[in-house]
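A.B. asks: Got a structure here, written out as structure tokens. Questions coming.
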There are 2 protein chains.
Amino acid sequence: VTAVAAPLVRAARGEPVDTTPVWFMRQAGRYLPEYRAIRERLGLLEICARPEVAAEVTLQPVRRLGVDGAIIFADILLPLPPMGLDLGFAKGEGPVIANPVRTAAAVAALRDVDVESALGPTLEAIRLVRAELPPEVAVIGFAGAPFTIASYAVEGGAARHFLETKRLMYGAPDVFRALLERLAGVVAAFLAAQVRAGADVVQLFDSWVGALTPDDYARCVAPFTARVIAALAPLGVPVIHFGTGTGALLEPMAAAGGDVIGVDWRLPLDEAWRRVGSARAVQGNLDPVALFAPRGELLRRVDDVLARAGGRAGHIFNLGHGLLPATPPDMVRLVVDRVRERTR
Amino acid sequence: VTAVAAPLVRAARGEPVDTTPVWFMRQAGRYLPEYRAIRERLGLLEICARPEVAAEVTLQPVRRLGVDGAIIFADILLPLPPMGLDLGFAKGEGPVIANPVRTAAAVAALRDVDVESALGPTLEAIRLVRAELPPEVAVIGFAGAPFTIASYAVEGGAARHFLETKRLMYGAPDVFRALLERLAGVVAAFLAAQVRAGADVVQLFDSWVGALTPDDYARCVAPFTARVIAALAPLGVPVIHFGTGTGALLEPMAAAGGDVIGVDWRLPLDEAWRRVGSARAVQGNLDPVALFAPRGELLRRVDDVLARAGGRAGHIFNLGHGLLPATPPDMVRLVVDRVRERTR
């Protein structure tokens, strides 16, 4: 616990800060040569299982970029193996779950998770990172939101049309809800444990809710997201609630909770902020592909996001989604410098 | 030319009709066993190259489903080979373009297209279909909008992040605009030829505009879409302007033109209609995955779309995107029957 909260935490609470805090989704990852060097000898899940390696990977972008937050290196699907799902990462293929959950029996067979032991390596990595960093750099914990984790658990991996997930939601809503309820319990416990381990702020990734109709989202998904966020309230750390393709979902997402609403680049930040209301902070929302543009064009786009934020308290600069693997690291640093320079 | 326009055409003009017209994007395609039987011996491009086969495939869903429109069997990328691009369809992999367009020289090297000869088989298929069908069934011509075709031409195939397309748009806007200008010319000529061949209505598919910021769409894309639509105005057939993920783009899409705005399921139809304005017709917007739900749930969702349309003149029932290959054909027929029964 720090005497004065880090700027990222203060911004998440809507409090004024000296310069707009900035971090990047997937800032620890494949675009960094120092990360790729570690990945040459260790797989993704192996890194997550070794706290000192996960901590090192978490710290790499903080050293290189000087960002305001260190998001712990982990994967949103880490809670699934202790629940009994057989998760693997096929070479360059993304996650594969050999025993997807599509029936009431499969949901009933999910195991309870003691997060302190089952997800201990991530918690230990948070402790290591928190001990290593100065108080002005926030440690960001995270988890997938129940729907987004469920989509992988039901599909057996990444999905394009969410056919099996929606088929379950539409055809067996009780089973779908039971699955989200189980996931909400594990996610809430995991995030609470991350806070106890030292996370100063947590982000809930509901990356794929944009595939849903607003009505389905509000009826079948939002209640479980709300349950996770409500469970965290007594801990006093801000929650960032993030999704993509949420042009029609911002209001029900905001209603589900979150001190900060994370928005992608498909909505202008000023419009998004107006819609979620000035009582919330917002995070975003540069197009990740802007980092492949020439410097002048990239800076113009950074400035546009800052102009739409209008210097109001409660803006955390970030991308609209994660850094792409081919992103030039120097361009990421350029964004950090520009945000600092323009908002000082 | 028919004495009284088909219901689909009348609805597209915002005129009252006896029952809400209904058709489905990708209604001619892989979910139909009679289509798969033809695909066992002919590739996609081979079907497109044989007018009598393309006409037969176009008519299959009209016979089976009794829909109000017959969309000609073709592919949005058909204009690319005559422009000099090497298009193929890898087995189960989607389109592949061996020589993608990413430079000013590549744009300059694109060939002019005489649509009457280069795309003659599609035009002949339209003539055959028009001659075969009664006047109350509309023949629907279509083309990809300049941006969506360009995304394939630049990426060399389907894209997830539109990295190369946006890199061109952000980094070499003059080259990007030159490419869209060339495509706009070919698309406008192709659609005009389709109308002369007998198409009663045309749909412009800008399926992937939802990947753009509203500002980029309005500045770099909409002017070329608008040019295509404006070129068709003298022909007097209605234009359906369709995109997905357009929650933040509906207003600029409507401003670019179209008698009908096609919307996906991510926005409630009533809200979408309010935003595009009551002077436009709207098309949509059932989630394609709803056809995998139990009958009762599917019918509830069909009824919900109809309720949001509110019986107002100017609604064309459709999905929010194309039929998925695994869709049960009987469920598609169920939707047609329900729309007829509920709106008679």
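In the structure tokens, each chain is lettered A, B, ... as it comes, each chain's residues begin at 1, and ligands are numbered from 1 in order of appearance.
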Residues of chain B were defined as contacting chain A if any atom lay at most 8 Å from it, counting only C-alpha atoms; please report them as a list in words.
C.D. replies: His161, Leu163, Lys166, Arg167, Tyr170, Gly171, Gly210, Ala211, Leu212, Thr213, Pro214, Gly245, Gly247, Ala248, Trp265, Arg266, Leu267, Pro268, Val289, Ala290, Phe292, Ala293, Pro294 and Glu297 of chain B
A.B. asks: Pull the alpha helix (DSSP H) assignments for region 32-151 of chain B out of DSSP run on the backbone, and list those residues as an NGL selection string.
C.D. replies: :B and (33-39 or 44-49 or 51-65 or 80-83 or 104-108 or 115-118 or 120-132 or 146-151)
A.B. asks: Can you tell me, as a list in words, which residues in region 46-184 of chain B count as strand (DSSP E or B) by DSSP?
C.D. replies: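 Listing strand (DSSP E or B) positions across region 46-184 of chain B yields Gly69, Ala70, Ile71, Leu87, Gly88, Phe89, Ala90, Gly94, Pro95, Val96, Ile97, Ala138, Val139, Ile140, Gly141, Phe142, Ala143, Gly144 and Gly157 of chain B.
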A.B. asks: Residues as selected, N, CA, C and O atoms, written as a PDB file, in the first residue's frame, can you do that?
C.D. replies:
ATOM      1  N   GLY B  69     -36.375 -12.383 -53.079  1.00  0.00           N
ATOM      2  CA  GLY B  69     -35.308 -11.895 -53.936  1.00  0.00           C
ATOM      3  C   GLY B  69     -34.338 -13.011 -54.262  1.00  0.00           C
ATOM      4  O   GLY B  69     -34.118 -13.925 -53.460  1.00  0.00           O
ATOM      5  N   ALA B  70     -33.767 -12.937 -55.462  1.00  0.00           N
ATOM      6  CA  ALA B  70     -32.753 -13.905 -55.894  1.00  0.00           C
ATOM      7  C   ALA B  70     -31.454 -13.135 -56.082  1.00  0.00           C
ATOM      8  O   ALA B  70     -31.298 -12.398 -57.057  1.00  0.00           O
ATOM      9  N   ILE B  71     -30.541 -13.292 -55.131  1.00  0.00           N
ATOM     10  CA  ILE B  71     -29.259 -12.596 -55.288  1.00  0.00           C
ATOM     11  C   ILE B  71     -28.374 -13.431 -56.185  1.00  0.00           C
ATOM     12  O   ILE B  71     -28.220 -14.642 -55.986  1.00  0.00           O
ATOM     13  N   LEU B  87      -6.239 -14.022 -58.425  1.00  0.00           N
ATOM     14  CA  LEU B  87      -7.148 -14.471 -57.367  1.00  0.00           C
ATOM     15  C   LEU B  87      -7.362 -15.973 -57.428  1.00  0.00           C
ATOM     16  O   LEU B  87      -7.633 -16.530 -58.487  1.00  0.00           O
ATOM     17  N   GLY B  88      -7.257 -16.615 -56.273  1.00  0.00           N
ATOM     18  CA  GLY B  88      -7.602 -18.022 -56.183  1.00  0.00           C
ATOM     19  C   GLY B  88      -8.297 -18.286 -54.868  1.00  0.00           C
ATOM     20  O   GLY B  88      -8.294 -17.442 -53.965  1.00  0.00           O
ATOM     21  N   PHE B  89      -8.940 -19.438 -54.765  1.00  0.00           N
ATOM     22  CA  PHE B  89      -9.570 -19.828 -53.511  1.00  0.00           C
ATOM     23  C   PHE B  89      -8.904 -21.106 -53.044  1.00  0.00           C
ATOM     24  O   PHE B  89      -9.103 -22.170 -53.621  1.00  0.00           O
ATOM     25  N   ALA B  90      -8.056 -20.975 -52.030  1.00  0.00           N
ATOM     26  CA  ALA B  90      -7.408 -22.156 -51.471  1.00  0.00           C
ATOM     27  C   ALA B  90      -8.473 -23.002 -50.782  1.00  0.00           C
ATOM     28  O   ALA B  90      -9.421 -22.469 -50.208  1.00  0.00           O
ATOM     29  N   GLY B  94     -10.513 -19.625 -48.042  1.00  0.00           N
ATOM     30  CA  GLY B  94     -10.921 -18.301 -48.454  1.00  0.00           C
ATOM     31  C   GLY B  94     -10.027 -17.792 -49.570  1.00  0.00           C
ATOM     32  O   GLY B  94      -9.126 -18.484 -50.046  1.00  0.00           O
ATOM     33  N   PRO B  95     -10.266 -16.540 -49.989  1.00  0.00           N
ATOM     34  CA  PRO B  95      -9.573 -16.004 -51.152  1.00  0.00           C
ATOM     35  C   PRO B  95      -8.095 -15.728 -50.878  1.00  0.00           C
ATOM     36  O   PRO B  95      -7.727 -15.334 -49.776  1.00  0.00           O
ATOM     37  N   VAL B  96      -7.285 -15.950 -51.889  1.00  0.00           N
ATOM     38  CA  VAL B  96      -5.862 -15.621 -51.817  1.00  0.00           C
ATOM     39  C   VAL B  96      -5.500 -14.842 -53.076  1.00  0.00           C
ATOM     40  O   VAL B  96      -5.847 -15.250 -54.188  1.00  0.00           O
ATOM     41  N   ILE B  97      -4.841 -13.703 -52.887  1.00  0.00           N
ATOM     42  CA  ILE B  97      -4.380 -12.897 -54.023  1.00  0.00           C
ATOM     43  C   ILE B  97      -2.868 -12.912 -54.000  1.00  0.00           C
ATOM     44  O   ILE B  97      -2.236 -12.423 -53.055  1.00  0.00           O
ATOM     45  N   ALA B 138     -37.671 -10.340 -56.982  1.00  0.00           N
ATOM     46  CA  ALA B 138     -36.666  -9.380 -57.428  1.00  0.00           C
ATOM     47  C   ALA B 138     -35.333 -10.077 -57.685  1.00  0.00           C
ATOM     48  O   ALA B 138     -34.943 -10.978 -56.933  1.00  0.00           O
ATOM     49  N   VAL B 139     -34.658  -9.669 -58.736  1.00  0.00           N
ATOM     50  CA  VAL B 139     -33.282 -10.122 -58.950  1.00  0.00           C
ATOM     51  C   VAL B 139     -32.350  -9.085 -58.329  1.00  0.00           C
ATOM     52  O   VAL B 139     -32.448  -7.891 -58.623  1.00  0.00           O
ATOM     53  N   ILE B 140     -31.488  -9.577 -57.446  1.00  0.00           N
ATOM     54  CA  ILE B 140     -30.601  -8.693 -56.681  1.00  0.00           C
ATOM     55  C   ILE B 140     -29.181  -8.794 -57.235  1.00  0.00           C
ATOM     56  O   ILE B 140     -28.566  -9.857 -57.180  1.00  0.00           O
ATOM     57  N   GLY B 141     -28.702  -7.708 -57.801  1.00  0.00           N
ATOM     58  CA  GLY B 141     -27.300  -7.650 -58.187  1.00  0.00           C
ATOM     59  C   GLY B 141     -26.470  -7.198 -56.999  1.00  0.00           C
ATOM     60  O   GLY B 141     -27.002  -6.711 -56.012  1.00  0.00           O
ATOM     61  N   PHE B 142     -25.172  -7.368 -57.081  1.00  0.00           N
ATOM     62  CA  PHE B 142     -24.356  -6.880 -55.966  1.00  0.00           C
ATOM     63  C   PHE B 142     -22.908  -6.686 -56.376  1.00  0.00           C
ATOM     64  O   PHE B 142     -22.444  -7.185 -57.400  1.00  0.00           O
ATOM     65  N   ALA B 143     -22.217  -5.963 -55.529  1.00  0.00           N
ATOM     66  CA  ALA B 143     -20.765  -5.799 -55.658  1.00  0.00           C
ATOM     67  C   ALA B 143     -20.208  -5.465 -54.281  1.00  0.00           C
ATOM     68  O   ALA B 143     -20.946  -5.035 -53.388  1.00  0.00           O
ATOM     69  N   GLY B 144     -18.933  -5.681 -54.121  1.00  0.00           N
ATOM     70  CA  GLY B 144     -18.259  -5.190 -52.923  1.00  0.00           C
ATOM     71  C   GLY B 144     -18.066  -3.695 -53.057  1.00  0.00           C
ATOM     72  O   GLY B 144     -17.890  -3.174 -54.163  1.00  0.00           O
ATOM     73  N   GLY B 157      -5.800 -11.258 -49.215  1.00  0.00           N
ATOM     74  CA  GLY B 157      -6.782 -12.235 -48.748  1.00  0.00           C
ATOM     75  C   GLY B 157      -7.587 -11.645 -47.611  1.00  0.00           C
ATOM     76  O   GLY B 157      -7.610 -10.425 -47.419  1.00  0.00           O
TER      77      GLY B 157
END
A.B. asks: If you measure from CA of Asp114 (chain A) to CA of Ala184 (chain A), what distance in Å do you get, rounded to one decimal?
C.D. replies: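 Interatomic distance here is 13.9 Å.
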A.B. asks: Within 12 Å of Cys48 (chain B), counting only C-alpha atoms, which residues qualify if same-chain residues fewer than 5 places away don't, as a VMD selection string?
C.D. replies: chain B and resid 39 42 to 43 53 to 58 72 to 79 118 to 126
A.B. asks: Which of these residues is nearest to Gln27 (chain A), using only C-alpha atoms: A:Pro51, A:Gly314, A:Pro325, A:Gly14?
C.D. replies: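 Using only C-alpha atoms, Gln27 (chain A) sits closest to A:Pro325.
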A.B. asks: Skipping near chain neighbours, those fewer than 3 positions away, what residues fall within 9 Å of Arg340 (chain B) using only C-alpha atoms, listed as number ranges by chain?
C.D. replies: B: 19-22, 335-337, 343-344
A.B. asks: Could the residues in this selection be written to a file with N, CA, C and O atoms, as an mmCIF file, in the first residue's frame?
C.D. replies:
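Generated output (again_18.cif):
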data_model
loop_
_atom_site.group_PDB
_atom_site.id
_atom_site.type_symbol
_atom_site.label_atom_id
_atom_site.label_comp_id
_atom_site.auth_asym_id
_atom_site.auth_seq_id
_atom_site.Cartn_x
_atom_site.Cartn_y
_atom_site.Cartn_z
ATOM 1 N N THR B 19 -46.783 -8.040 -47.509
ATOM 2 C CA THR B 19 -46.034 -8.700 -46.427
ATOM 3 C C THR B 19 -44.584 -8.254 -46.534
ATOM 4 O O THR B 19 -44.100 -7.928 -47.624
ATOM 5 N N THR B 20 -43.901 -8.249 -45.413
ATOM 6 C CA THR B 20 -42.501 -7.813 -45.384
ATOM 7 C C THR B 20 -41.658 -8.733 -46.263
ATOM 8 O O THR B 20 -41.641 -9.947 -46.055
ATOM 9 N N PRO B 21 -40.965 -8.188 -47.250
ATOM 10 C CA PRO B 21 -40.121 -9.045 -48.083
ATOM 11 C C PRO B 21 -38.947 -9.606 -47.298
ATOM 12 O O PRO B 21 -38.456 -8.977 -46.360
ATOM 13 N N VAL B 22 -38.514 -10.807 -47.701
ATOM 14 C CA VAL B 22 -37.450 -11.480 -46.973
ATOM 15 C C VAL B 22 -36.514 -12.176 -47.951
ATOM 16 O O VAL B 22 -36.943 -12.772 -48.938
ATOM 17 N N VAL B 335 -38.016 -19.308 -40.973
ATOM 18 C CA VAL B 335 -37.945 -17.851 -40.844
ATOM 19 C C VAL B 335 -38.799 -17.180 -41.923
ATOM 20 O O VAL B 335 -39.566 -16.248 -41.643
ATOM 21 N N VAL B 336 -38.682 -17.675 -43.153
ATOM 22 C CA VAL B 336 -39.477 -17.108 -44.249
ATOM 23 C C VAL B 336 -40.965 -17.207 -43.907
ATOM 24 O O VAL B 336 -41.712 -16.218 -44.005
ATOM 25 N N ASP B 337 -41.373 -18.394 -43.475
ATOM 26 C CA ASP B 337 -42.791 -18.598 -43.171
ATOM 27 C C ASP B 337 -43.243 -17.681 -42.039
ATOM 28 O O ASP B 337 -44.344 -17.123 -42.079
ATOM 29 N N THR B 343 -46.494 -10.751 -40.848
ATOM 30 C CA THR B 343 -46.596 -9.404 -41.441
ATOM 31 C C THR B 343 -47.668 -9.333 -42.521
ATOM 32 O O THR B 343 -47.799 -8.318 -43.196
ATOM 33 N N ARG B 344 -48.423 -10.401 -42.683
ATOM 34 C CA ARG B 344 -49.460 -10.413 -43.722
ATOM 35 C C ARG B 344 -50.541 -9.399 -43.390
ATOM 36 O O ARG B 344 -50.919 -9.246 -42.238
#
A.B. asks: Between CA of Ala309 (chain B) and CA of Glu341 (chain B), what is the distance in Å, rounded to a tenth?
C.D. replies: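 Those two atoms sit 15.1 Å apart.
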A.B. asks: For Thr225 (chain A), list every protein, DNA or RNA residue within 9 Å, evaluated using only C-alpha atoms, and leave out those in the same chain fewer than 6 positions away; present the list as an MDAnalysis selection string.
C.D. replies: chainID A and resid 145:147 180 184 204 206 253 256:257
A.B. asks: The selected residues should be written to file as a PDB file, in the first residue's frame (atoms: N, CA and C atoms).
C.D. replies:
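New file selection20.pdb:
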ATOM      1  N   ALA A 145     -13.417 -11.537 -18.446  1.00  0.00           N
ATOM      2  CA  ALA A 145     -14.773 -11.494 -17.904  1.00  0.00           C
ATOM      3  C   ALA A 145     -15.450 -12.846 -18.186  1.00  0.00           C
ATOM      4  N   PRO A 146     -16.481 -13.172 -17.422  1.00  0.00           N
ATOM      5  CA  PRO A 146     -17.105 -14.497 -17.573  1.00  0.00           C
ATOM      6  C   PRO A 146     -17.489 -14.836 -19.022  1.00  0.00           C
ATOM      7  N   PHE A 147     -18.091 -13.899 -19.750  1.00  0.00           N
ATOM      8  CA  PHE A 147     -18.500 -14.233 -21.118  1.00  0.00           C
ATOM      9  C   PHE A 147     -17.311 -14.552 -22.001  1.00  0.00           C
ATOM     10  N   LEU A 180     -21.505 -19.249 -16.697  1.00  0.00           N
ATOM     11  CA  LEU A 180     -21.018 -17.901 -16.388  1.00  0.00           C
ATOM     12  C   LEU A 180     -20.963 -17.662 -14.881  1.00  0.00           C
ATOM     13  N   ALA A 184     -17.746 -16.555 -13.023  1.00  0.00           N
ATOM     14  CA  ALA A 184     -17.766 -15.296 -12.263  1.00  0.00           C
ATOM     15  C   ALA A 184     -17.181 -15.504 -10.870  1.00  0.00           C
ATOM     16  N   LEU A 204     -10.777  -5.962 -16.269  1.00  0.00           N
ATOM     17  CA  LEU A 204     -11.613  -7.089 -16.650  1.00  0.00           C
ATOM     18  C   LEU A 204     -11.781  -7.032 -18.169  1.00  0.00           C
ATOM     19  N   ASP A 206     -13.514  -8.074 -21.284  1.00  0.00           N
ATOM     20  CA  ASP A 206     -14.643  -8.746 -21.936  1.00  0.00           C
ATOM     21  C   ASP A 206     -14.514  -8.480 -23.437  1.00  0.00           C
ATOM     22  N   MET A 253     -22.684  -1.849 -20.598  1.00  0.00           N
ATOM     23  CA  MET A 253     -21.389  -2.178 -19.989  1.00  0.00           C
ATOM     24  C   MET A 253     -21.114  -1.281 -18.788  1.00  0.00           C
ATOM     25  N   ALA A 256     -23.069  -2.297 -15.900  1.00  0.00           N
ATOM     26  CA  ALA A 256     -22.553  -3.505 -15.227  1.00  0.00           C
ATOM     27  C   ALA A 256     -21.433  -3.151 -14.256  1.00  0.00           C
ATOM     28  N   GLY A 257     -20.801  -2.014 -14.450  1.00  0.00           N
ATOM     29  CA  GLY A 257     -19.815  -1.559 -13.473  1.00  0.00           C
ATOM     30  C   GLY A 257     -18.458  -1.249 -14.059  1.00  0.00           C
TER      31      GLY A 257
END
A.B. asks: Report, in Å with one decimal, the straight-line distance from CA of Ala230 (chain A) to CA of Glu116 (chain A).
C.D. replies: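 If I compute the distance from CA of Ala230 (chain A) to CA of Glu116 (chain A), I get 20.3 Å.
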A.B. asks: So that I can check the surroundings of Ala6 (chain A), please list as an NGL selection string every protein, DNA and RNA residue that reaches within 9 Å of it, counting only C-alpha atoms and ignoring chain neighbours fewer than 5 positions away.
C.D. replies: :A and (11 or 68-69 or 135-138 or 200)
A.B. asks: At a cut-off of 6 Å, using only C-alpha atoms, what residues contact His315 (chain B)? Leave out same-chain residues fewer than 5 positions from it and give the result as a ChimeraX atom specification.
C.D. replies: /B:281-283
